[in-house]
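See below for upload_2.cif, which holds mmCIF, C-alpha atoms.
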```cif
data_upload
#
loop_
_atom_site.label_atom_id
_atom_site.label_comp_id
_atom_site.auth_asym_id
_atom_site.auth_seq_id
_atom_site.Cartn_x
_atom_site.Cartn_y
_atom_site.Cartn_z
CA MET A 224 97.17 69.90 133.46
CA SER A 225 99.08 72.87 132.24
CA ALA A 226 101.87 72.88 129.72
CA GLN A 227 104.31 73.87 132.47
CA MET A 228 103.60 70.71 134.42
CA THR A 229 104.25 68.59 131.35
CA ASP A 230 107.60 70.28 130.86
CA LYS A 231 108.62 69.66 134.45
CA ARG A 232 107.77 66.01 134.14
CA ASP A 233 109.99 65.59 131.10
CA GLN A 234 112.79 67.89 132.11
CA GLY A 235 114.73 65.55 134.35
CA ALA A 236 113.79 62.37 132.51
CA ALA A 237 116.55 60.50 130.75
CA ARG A 238 115.79 59.75 127.13
CA ALA A 239 116.76 56.62 125.27
CA VAL A 240 116.04 54.95 121.98
CA TYR A 241 113.44 52.21 121.66
CA VAL A 242 114.17 49.85 118.76
CA TYR A 243 111.43 48.03 116.88
CA GLY A 244 113.27 46.20 114.13
CA ILE A 245 115.97 46.20 111.46
CA MET A 246 115.34 46.85 107.76
CA PRO A 247 117.18 47.83 104.59
CA ALA A 248 118.57 51.37 104.66
CA ASP A 249 116.26 52.66 101.95
CA VAL A 250 113.14 52.28 104.10
CA GLU A 251 111.05 55.44 104.56
CA ILE A 252 108.65 56.12 107.40
CA GLU A 253 105.64 58.38 107.04
CA SER A 254 106.24 61.45 109.17
CA GLY A 255 103.98 61.77 112.18
CA THR A 256 103.98 58.04 112.87
CA THR A 257 103.96 57.58 116.64
CA GLY A 258 105.53 54.80 118.63
CA VAL A 259 105.45 53.38 122.16
CA GLY A 260 105.38 55.26 125.44
CA ASP A 261 103.19 57.84 127.06
CA PRO A 262 103.42 60.29 125.43
CA PRO A 263 104.68 58.38 122.38
CA GLY A 264 107.75 59.51 120.51
CA GLU A 265 107.82 59.94 116.75
CA VAL A 266 109.01 56.90 114.85
CA ARG A 267 112.13 57.50 112.78
CA VAL A 268 115.04 55.70 111.18
CA VAL A 269 118.69 55.31 112.19
CA ARG A 270 120.91 54.19 109.33
CA SER A 271 124.30 52.49 109.10
CA GLY A 272 125.68 51.12 105.86
CA GLU A 273 122.93 49.23 104.07
CA LEU A 274 120.86 48.79 107.20
CA ALA A 275 118.31 50.83 109.08
CA ALA A 276 116.80 50.49 112.52
CA LEU A 277 113.25 51.64 113.18
CA VAL A 278 113.31 53.60 116.45
CA SER A 279 111.55 56.17 118.61
CA ASP A 280 112.52 58.11 121.70
CA VAL A 281 111.29 56.97 125.10
CA SER A 282 111.93 58.28 128.56
CA THR A 283 113.63 55.76 130.80
CA ASP A 284 111.68 56.53 133.94
CA ARG A 285 108.29 55.54 132.54
CA PRO A 286 107.41 51.85 132.22
CA LEU A 287 106.50 50.28 128.87
CA GLY A 288 104.08 47.52 128.13
CA ARG A 289 100.60 48.95 128.17
CA PRO A 290 98.31 47.26 125.63
CA GLU A 291 98.76 50.28 123.35
CA ASP A 292 102.54 49.84 123.46
CA LEU A 293 102.34 46.16 122.55
CA VAL A 294 99.93 46.72 119.69
CA THR A 295 101.95 49.67 118.38
CA HIS A 296 105.15 47.63 118.39
CA GLU A 297 103.62 44.83 116.34
CA ASP A 298 101.55 47.04 114.04
CA LEU A 299 104.63 49.04 113.05
CA LEU A 300 106.63 45.93 112.24
CA ASP A 301 103.84 44.15 110.39
CA ALA A 302 102.98 47.23 108.33
CA SER A 303 106.66 47.67 107.40
CA ALA A 304 106.97 43.98 106.54
CA ALA A 305 104.34 44.43 103.86
CA ASP A 306 106.81 46.64 101.94
CA VAL A 307 110.33 45.64 102.97
CA PRO A 308 112.06 42.70 104.65
CA VAL A 309 112.00 43.20 108.42
CA LEU A 310 114.02 41.67 111.24
CA PRO A 311 111.61 42.15 114.15
CA LEU A 312 112.93 42.64 117.66
CA ARG A 313 111.26 41.25 120.74
CA PHE A 314 109.33 43.84 122.74
CA GLY A 315 111.38 45.97 125.10
CA ALA A 316 114.68 46.72 123.33
CA VAL A 317 116.03 50.08 124.50
CA ILE A 318 119.47 51.43 123.57
CA SER A 319 121.15 54.52 124.98
CA SER A 320 121.51 56.64 121.82
CA ASP A 321 121.25 56.81 118.04
CA GLU A 322 125.03 56.45 117.81
CA ALA A 323 124.89 53.25 119.82
CA VAL A 324 122.13 51.90 117.59
CA ALA A 325 124.21 52.67 114.49
CA GLU A 326 127.46 51.29 115.92
CA GLU A 327 126.74 48.57 118.44
CA LEU A 328 123.64 47.14 116.82
CA LEU A 329 123.83 47.75 113.09
CA ALA A 330 127.50 48.18 112.14
CA ALA A 331 128.72 45.48 114.51
CA HIS A 332 126.43 42.86 112.97
CA HIS A 333 126.06 44.28 109.49
CA ASP A 334 126.73 41.20 107.36
CA GLU A 335 124.73 38.87 109.57
CA PHE A 336 121.68 41.15 109.41
CA MET A 337 122.07 41.71 105.67
CA THR A 338 122.09 37.95 105.05
CA ALA A 339 118.98 37.51 107.17
CA LEU A 340 117.13 40.31 105.34
CA GLU A 341 118.01 38.71 102.01
CA GLN A 342 116.46 35.45 103.17
CA LEU A 343 113.35 37.24 104.39
CA GLU A 344 112.80 39.20 101.18
CA GLY A 345 109.65 38.07 99.37
CA HIS A 346 108.37 36.09 102.35
CA ALA A 347 105.95 36.66 105.18
CA GLU A 348 104.87 34.90 108.34
CA TYR A 349 101.38 33.67 109.04
CA VAL A 350 100.16 32.13 112.27
CA LEU A 351 97.51 29.42 112.23
CA ARG A 352 95.53 29.38 115.47
CA GLY A 353 92.78 26.94 116.27
CA ARG A 354 90.72 26.54 119.40
CA TYR A 355 88.52 23.54 120.20
CA VAL A 356 84.80 24.07 120.32
CA GLN A 357 84.32 23.24 123.98
CA ASP A 358 81.23 21.06 123.92
CA ALA A 359 82.28 19.24 120.77
CA ILE A 360 85.68 18.27 122.10
CA LEU A 361 84.30 17.21 125.47
CA ARG A 362 81.79 14.96 123.73
CA GLU A 363 84.60 13.51 121.63
CA VAL A 364 86.65 12.71 124.70
CA ILE A 365 83.77 11.16 126.62
CA SER A 366 82.66 9.12 123.64
CA GLU A 367 86.15 7.75 123.02
CA ASP A 368 86.84 6.70 126.60
CA PRO A 369 84.26 4.42 128.30
CA ASP A 370 86.02 4.85 131.64
CA ALA A 371 85.59 8.61 131.39
CA ARG A 372 81.91 8.16 130.60
CA GLN A 373 81.49 5.97 133.69
CA LEU A 374 83.34 8.51 135.81
CA LEU A 375 81.07 11.26 134.54
CA ASP A 376 77.95 9.28 135.38
CA GLN A 377 79.36 8.66 138.84
CA ILE A 378 79.96 12.37 139.37
CA LYS A 379 76.48 13.26 138.21
CA ASN A 380 74.94 10.73 140.60
CA VAL A 381 77.03 11.42 143.68
CA GLY A 382 77.14 15.13 142.97
CA LYS A 383 73.48 15.59 143.66
CA ALA A 384 74.12 14.44 147.21
CA ASN A 385 77.46 15.96 148.08
CA GLU A 386 79.67 18.29 146.09
CA MET A 387 82.73 17.88 148.31
CA ALA A 388 82.67 14.11 147.84
CA THR A 389 83.10 14.49 144.12
CA ARG A 390 86.23 16.66 144.23
CA GLU A 391 88.53 13.69 143.82
CA LEU A 392 86.39 12.32 140.99
CA ARG A 393 86.31 15.71 139.33
CA MET A 394 90.10 15.97 139.52
CA GLN A 395 90.32 12.53 137.91
CA ILE A 396 88.00 13.30 135.04
CA GLY A 397 89.60 16.70 134.58
CA GLU A 398 92.99 15.08 134.22
CA ILE A 399 91.66 12.47 131.79
CA ILE A 400 90.12 15.17 129.66
CA ASN A 401 93.26 17.30 129.77
CA ASN A 402 95.43 14.38 128.69
CA ALA A 403 93.03 13.52 125.89
CA VAL A 404 92.93 17.13 124.70
CA THR A 405 96.73 17.24 124.74
CA ILE A 406 96.91 14.15 122.53
CA LYS A 407 94.31 15.59 120.16
CA ARG A 408 96.24 18.88 120.03
CA GLU A 409 99.36 17.03 118.92
CA ALA A 410 97.46 15.00 116.33
CA ASP A 411 95.60 18.00 114.95
CA THR A 412 98.80 20.05 114.82
CA LEU A 413 100.48 17.30 112.79
CA ALA A 414 97.45 17.04 110.52
CA ALA A 415 97.50 20.80 109.91
CA GLY A 416 101.22 20.69 109.17
CA ASP A 417 100.74 17.89 106.67
CA ALA A 418 97.87 19.67 104.94
CA LEU A 419 99.87 22.88 104.52
CA ALA A 420 103.34 21.45 103.86
CA GLY A 421 103.17 22.11 100.13
CA HIS A 422 102.35 25.79 100.62
CA VAL A 423 104.99 26.83 103.15
CA VAL A 424 108.77 27.13 103.19
CA ALA A 425 108.98 26.34 106.90
CA SER A 426 106.76 25.88 109.90
CA VAL A 427 107.27 25.80 113.62
CA ALA A 428 104.79 24.89 116.34
CA ARG A 429 104.22 27.34 119.16
CA PRO A 430 103.39 26.22 122.68
CA PRO A 431 99.70 26.27 123.59
CA THR A 432 98.59 29.26 125.64
CA HIS A 433 95.07 28.10 126.42
CA GLU A 434 93.63 24.80 127.64
CA LEU A 435 91.49 24.50 124.54
CA ASP A 436 94.18 25.42 122.01
CA ALA A 437 94.01 22.96 119.14
CA VAL A 438 96.58 24.28 116.70
CA HIS A 439 99.19 27.00 117.07
CA VAL A 440 101.70 27.06 114.25
CA ALA A 441 103.87 29.75 112.70
CA LEU A 442 104.27 29.47 108.93
CA PHE A 443 107.00 30.98 106.76
CA VAL A 444 105.52 31.57 103.33
CA ASP A 445 106.74 32.73 99.94
CA ASN A 446 104.46 35.66 99.08
CA SER A 447 103.59 34.09 95.73
CA LYS A 448 102.06 31.14 97.62
CA ALA A 449 99.93 33.23 99.98
CA ALA A 450 96.70 32.72 98.03
CA ASP A 451 97.28 28.94 97.92
CA LEU A 452 97.82 28.96 101.66
CA GLU A 453 94.61 30.88 102.31
CA ARG A 454 92.61 28.46 100.18
CA ALA A 455 94.11 25.45 101.99
CA VAL A 456 93.31 26.98 105.37
CA GLU A 457 89.74 27.76 104.28
CA GLN A 458 89.34 24.10 103.34
CA MET A 459 90.77 23.02 106.67
CA ALA A 460 88.48 25.41 108.54
CA SER A 461 85.50 24.01 106.70
CA ASP A 462 86.48 20.39 107.39
CA TRP A 463 86.95 21.18 111.05
CA SER A 464 84.15 23.66 111.56
CA ASP A 465 82.27 21.62 114.14
CA ARG A 466 85.18 20.92 116.43
CA ILE A 467 87.83 23.64 115.88
CA ASP A 468 87.51 27.37 115.31
CA LEU A 469 90.40 28.24 113.05
CA ARG A 470 92.00 31.64 112.45
CA LEU A 471 94.82 32.63 110.12
CA LEU A 472 96.79 35.66 111.31
CA GLY A 473 99.09 37.61 109.05
CA PRO A 474 100.85 38.47 106.92
CA MET A 475 103.28 39.67 109.54
CA ALA A 476 106.99 40.07 110.16
CA ALA A 477 108.89 36.81 110.61
CA TYR A 478 109.06 36.74 114.41
CA ASP A 479 109.32 32.96 114.64
CA PHE A 480 111.93 32.57 111.93
CA VAL A 481 114.67 34.96 112.96
CA GLY A 482 117.58 34.27 115.26
CA THR A 483 118.73 31.19 113.33
CA ALA A 484 120.93 31.15 110.26
CA ASN A 485 118.46 29.12 108.19
CA PRO A 486 114.80 28.33 108.87
CA ALA A 487 114.01 24.66 109.52
CA PRO A 488 112.70 22.75 106.47
CA GLY A 489 108.90 22.65 106.14
CA ALA A 490 107.03 19.63 107.53
CA MET B 256 91.83 47.84 118.02
CA THR B 257 89.39 45.08 118.85
CA VAL B 258 90.18 41.85 120.58
CA MET B 259 89.19 38.85 118.52
CA GLN B 260 86.64 36.60 120.20
CA PRO B 261 87.66 32.96 120.26
CA GLY B 262 84.94 30.98 118.60
CA GLY B 263 83.95 33.99 116.52
CA SER B 264 84.65 34.23 112.83
CA SER B 265 86.66 31.40 111.41
CA GLY B 266 87.98 30.38 108.07
CA GLY B 267 90.96 30.84 105.86
CA ARG B 268 90.97 34.58 105.38
CA PRO B 269 93.75 36.35 107.26
CA GLN B 270 92.42 38.20 110.25
CA PRO B 271 93.72 40.96 112.48
CA SER B 272 95.56 39.93 115.62
CA GLY B 273 93.95 40.46 118.98
CA LEU B 274 95.91 41.52 122.05
CA ALA B 275 96.37 37.89 123.10
CA ASP B 276 97.93 37.12 119.73
CA VAL B 277 100.22 40.14 119.97
CA ILE B 278 101.42 39.08 123.40
CA ASP B 279 102.18 35.55 122.24
CA THR B 280 104.23 36.98 119.39
CA ILE B 281 106.25 39.97 120.54
CA LEU B 282 106.97 38.90 124.10
CA ASP B 283 108.16 35.43 123.12
CA LYS B 284 109.46 35.78 119.57
CA GLY B 285 111.67 38.08 117.53
CA LEU B 286 115.34 38.88 117.88
CA VAL B 287 116.54 39.25 121.45
CA ILE B 288 118.51 42.48 121.76
CA ASP B 289 120.79 41.20 124.52
CA ALA B 290 122.41 38.83 122.06
CA TYR B 291 123.59 41.78 119.98
CA VAL B 292 123.98 44.79 122.25
CA ARG B 293 125.63 44.78 125.66
CA VAL B 294 127.24 48.06 126.56
CA SER B 295 124.50 50.39 125.34
CA LEU B 296 121.47 48.41 126.46
CA VAL B 297 119.26 50.43 128.78
CA GLY B 298 117.25 48.77 131.54
CA ILE B 299 113.65 49.91 131.44
CA GLU B 300 110.69 48.81 133.45
CA LEU B 301 108.43 46.50 131.45
CA LEU B 302 104.86 45.85 132.43
CA THR B 303 104.19 42.42 131.06
CA ILE B 304 100.84 40.78 131.00
CA ASP B 305 100.82 37.17 131.96
CA ALA B 306 97.20 36.25 131.50
CA ARG B 307 97.97 33.12 129.59
CA VAL B 308 96.22 30.14 131.08
CA VAL B 309 98.46 27.56 132.72
CA ILE B 310 97.72 24.17 131.24
CA ALA B 311 97.63 20.99 133.32
CA SER B 312 97.04 22.68 136.66
CA VAL B 313 94.51 21.86 139.35
CA ASP B 314 92.42 24.77 138.06
CA THR B 315 92.49 23.30 134.56
CA TYR B 316 91.27 19.92 135.74
CA LEU B 317 88.46 21.39 137.80
CA ARG B 318 87.37 23.66 134.95
CA PHE B 319 87.26 20.71 132.55
CA ALA B 320 85.27 18.75 135.12
CA GLU B 321 82.78 21.56 135.58
CA ALA B 322 82.38 21.96 131.83
CA VAL B 323 81.81 18.28 131.15
CA ASN B 324 79.48 17.98 134.11
CA ARG B 325 77.27 20.67 132.62
CA LEU B 326 77.28 19.01 129.23
CA ASP B 327 73.88 17.68 128.31
CA ILE B 328 74.61 14.12 127.32
CA SER B 329 71.23 12.74 128.38
CA ASN B 330 70.37 12.29 124.73
CA ASP B 331 73.72 10.78 123.85
CA LYS B 332 73.56 7.04 123.35
CA GLU B 333 75.58 4.97 125.74
CA THR B 334 77.33 2.69 123.31
CA LEU B 335 80.74 3.73 122.10
CA THR B 336 80.03 3.31 118.40
CA ASP B 337 76.85 5.34 118.57
CA LEU B 338 78.61 8.18 120.33
CA VAL B 339 81.41 8.17 117.81
CA GLY B 340 78.81 8.27 115.06
CA ASP B 341 77.15 11.34 116.56
CA VAL B 342 80.46 13.13 116.85
CA THR B 343 81.61 12.49 113.31
CA GLN B 344 78.31 13.76 112.02
CA GLY B 345 78.95 17.04 113.82
CA GLY B 346 76.98 16.26 116.92
CA ALA B 347 77.85 19.43 118.81
CA LYS B 348 74.48 21.04 119.27
CA HIS B 349 75.53 24.12 121.13
CA LYS B 350 78.64 26.23 121.24
CA THR B 351 78.04 27.58 124.69
CA LYS B 352 80.50 29.74 126.51
CA GLY B 353 81.60 27.69 129.47
CA ALA B 354 84.05 27.90 132.31
CA LEU B 355 86.98 27.38 129.96
CA GLU B 356 86.01 30.28 127.73
CA ALA B 357 85.69 32.43 130.83
CA ALA B 358 89.26 31.56 131.78
CA GLY B 359 90.41 32.86 128.44
CA ASP B 360 88.52 36.10 128.92
CA LYS B 361 91.05 37.47 131.40
CA LEU B 362 92.80 39.38 128.65
CA ARG B 363 89.59 40.91 127.43
CA GLU B 364 88.88 42.16 130.94
CA PHE B 365 92.38 43.60 131.02
CA THR B 366 91.83 45.62 127.89
CA ASP B 367 88.40 46.76 129.07
CA ALA B 368 89.84 47.82 132.40
CA GLN B 369 92.79 49.71 130.96
CA GLY B 370 93.22 53.06 132.58
CA ASN B 371 91.27 51.99 135.63
CA GLY B 372 94.36 50.88 137.48
CA ASP B 373 92.88 47.39 137.60
CA ARG B 374 95.93 45.84 136.21
CA ALA B 375 97.38 42.46 137.08
CA GLY B 376 100.94 42.53 135.89
CA ARG B 377 104.29 41.03 136.38
CA ARG B 378 106.98 43.65 136.38
CA SER B 379 110.41 42.81 135.12
CA SER B 380 113.39 44.91 134.28
CA ARG B 381 115.76 44.28 131.46
CA GLY B 382 119.20 45.62 132.14
CA GLY B 383 122.47 45.92 130.36
CA ASP B 384 125.79 45.48 132.12
#
```

Give the structure from the file, written as C-alpha cells.
Amino acid sequence: MSAQMTDKRDQGAARAVYVYGIMPADVEIESGTTGVGDPPGEVRVVRSGELAALVSDVSTDRPLGRPEDLVTHEDLLDASAADVPVLPLRFGAVISSDEAVAEELLAAHHDEFMTALEQLEGHAEYVLRGRYVQDAILREVISEDPDARQLLDQIKNVGKANEMATRELRMQIGEIINNAVTIKREADTLAAGDALAGHVVASVARPPTHELDAVHVALFVDNSKAADLERAVEQMASDWSDRIDLRLLGPMAAYDFVGTANPAPGA
Amino acid sequence: MTVMQPGGSSGGRPQPSGLADVIDTILDKGLVIDAYVRVSLVGIELLTIDARVVIASVDTYLRFAEAVNRLDISNDKETLTDLVGDVTQGGAKHKTKGALEAAGDKLREFTDAQGNGDRAGRRSSRGGD
C-alpha cells in the first residue's frame, strides 16, 4: 500500500471526536498516546472551565469495536484513574467537534460533573469475579439433591442403550443443576458482600455472564482501604479454593458507580 | 494483552482484565453519552461482541447434563451425609475443562481469530437526532 492510497482513503472521510471520559481540567496526557480506530488518532484533551474531556479523532465511516478498540478505551480510563478522578463513558461516544465537546458536554453539565468528580476523588473501583470449579459444584449439587442423584443414575443406565431416549431426562437434570447453581450464586454473592462490607464504601452486583459465574460484584473503595480489601479477598479465595476460582480486577475507573447522584450504601 | 483463563490464577491480588472483563464493563457500564449530548452526537457503526453465554437456555441445560454425566461419581458414596462430607473436605479431585468451559472459550477464539475475518458480531448504530 502506498502513501497515496492512504491519503485517498482518508480524504473524503468525515472526522469526529471520540470521547473516553471526563476529568479535572489539570489532567495531562503523555504525547504520542494513541486511541481507538484504525489507524488510531492521538489522544488529547478538550477543556472547559474546570473540566476536561479525554478525546481522540476518529473517522465516521470506519466501524469501532475491534478488541483493540475496547481494550484501548478501558486501559486509557483505568490508567488515568490511577492519577485523577475519572468519569468514564460507555464505549462508543462520538461527538461532532471539539467545540461541541466543550459546550454541549462539559459546559452544559459543568456543576453536575464537578460534584461527581469530587465524590470519586480518592476512590477506585474493583470488580470481584468468581467462577465455580465445574466438577466441584456439580458434585455439590448432586450430593445435596437425592432426586438429582437418582436422575443421574437413570441417565447413565438408559444412556448406554439409547441416547435419544435420555434427552428429556438430560433436560430435567440440566434444569435442576441450573436452578441449584443460581441459588448458590445468590448465596455466595451475599456471603462475599458480607465478608467485604467493612472494606468498601459501596457495592453493586453485576448480572452473571457465564453459566458457572459464582460472584460478580463491583466494589467502590476508598484508596486507603485497598490493602485491607486485597487481604480480605485473599482470605476468601483461600476459603473457597476448591469450589470457586476468584479474581479481583482493578483498580479501575468507577464504571458501576457513575450516573447516580450518590452511590448506594455498602452491604 | 492476554486473555485471562478462567480457573487459572486465583487469589486476592488484583489482576489485569481480560477481553471478557472489558466487554462486561465498558459496553454495559459508564456514563451514557445520550443522556448528556443530543445535537452533536454522531452515529457511528459499532461492532459489538456478544459472546456472553445465555443462562437458563436449552443449551445451558444440555451442557450441564453432559458435564454431570461425565463426572466420575463411581467412588462417591450414595448416602447424602457421606457425599456432603466429601464435598466439605474439598472432594473435587479434578478440575477438568468440560463442556461448560468450552462454552466460555468463544471469546478466546474471537481474539485468536482477529484479523481473519472470522468474526461473529452484532452491529448496531448509535445515532443522534

Discussion item. With the PyMOL selection byres ((chain A) within 6 of (chain B)) as the selection, what would be picked from this file? Answer as number ranges by chain, please.
Written reply: A: 283, 286-288, 311-314, 316-319, 328, 359, 366, 393-394, 397-398, 432-434, 453, 456-457, 460, 465, 468-473, 478-479, 482

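Here atom CA of Val356 of chain A and atom CA of Asp411 of chain A stand 13.5 Å from one another.
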
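For the atom pair formed by atom CA of Ala325 of chain A and atom CA of Pro262 of chain A, the distance is 24.7 Å, given to one decimal.
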
Atom CA of Met337 of chain A to atom CA of Ile245 of chain A measures 9.5 Å

Find the spatial neighbours of segment 372-380 of chain A, counting all atoms listed in the file, within a cut-off of 7 Å - ignore same-chain residues fewer than 3 positions away - and output them as a PyMOL selection string. (chain A and resi 365+368-369+383+389+392+396) or (chain B and resi 324)

Go ahead and save the residues from that selection, with C-alpha atoms, as a PDB file, keeping the file's coordinate frame.
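Wrote out-v3.pdb, looks like this:
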```pdb
ATOM      1  CA  ILE A 365      83.770  11.160 126.620  1.00  0.00           C
ATOM      2  CA  ASP A 368      86.840   6.700 126.600  1.00  0.00           C
ATOM      3  CA  PRO A 369      84.260   4.420 128.300  1.00  0.00           C
ATOM      4  CA  LYS A 383      73.480  15.590 143.660  1.00  0.00           C
ATOM      5  CA  THR A 389      83.100  14.490 144.120  1.00  0.00           C
ATOM      6  CA  LEU A 392      86.390  12.320 140.990  1.00  0.00           C
ATOM      7  CA  ILE A 396      88.000  13.300 135.040  1.00  0.00           C
TER       8      ILE A 396
ATOM      9  CA  ASN B 324      79.480  17.980 134.110  1.00  0.00           C
TER      10      ASN B 324
END
```

Box along x, y and z, 5 Å on every side, all listed atoms of segment 291-301 of chain A inside: centre and edge lengths in Å to one decimal, as AutoDock Vina command-line options.
```
--center_x 102.7 --center_y 47.2 --center_z 116.9 --size_x 17.9 --size_y 16.1 --size_z 23.1
```

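Restricting the calculation to all atoms listed in the file, the smallest distance between Glu297 of chain A and any of A:Arg270, A:Met475, A:Asp445, A:Asp462 is found for A:Met475.
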
Problem set entry | Test item: residues at most 10 Å from segment 417-427 of chain A, all atoms listed in the file, excluding those fewer than 6 positions along its chain, as number ranges by chain | A: 346, 348-350, 411, 439-453, 455-456, 458-459, 479-480, 485-490
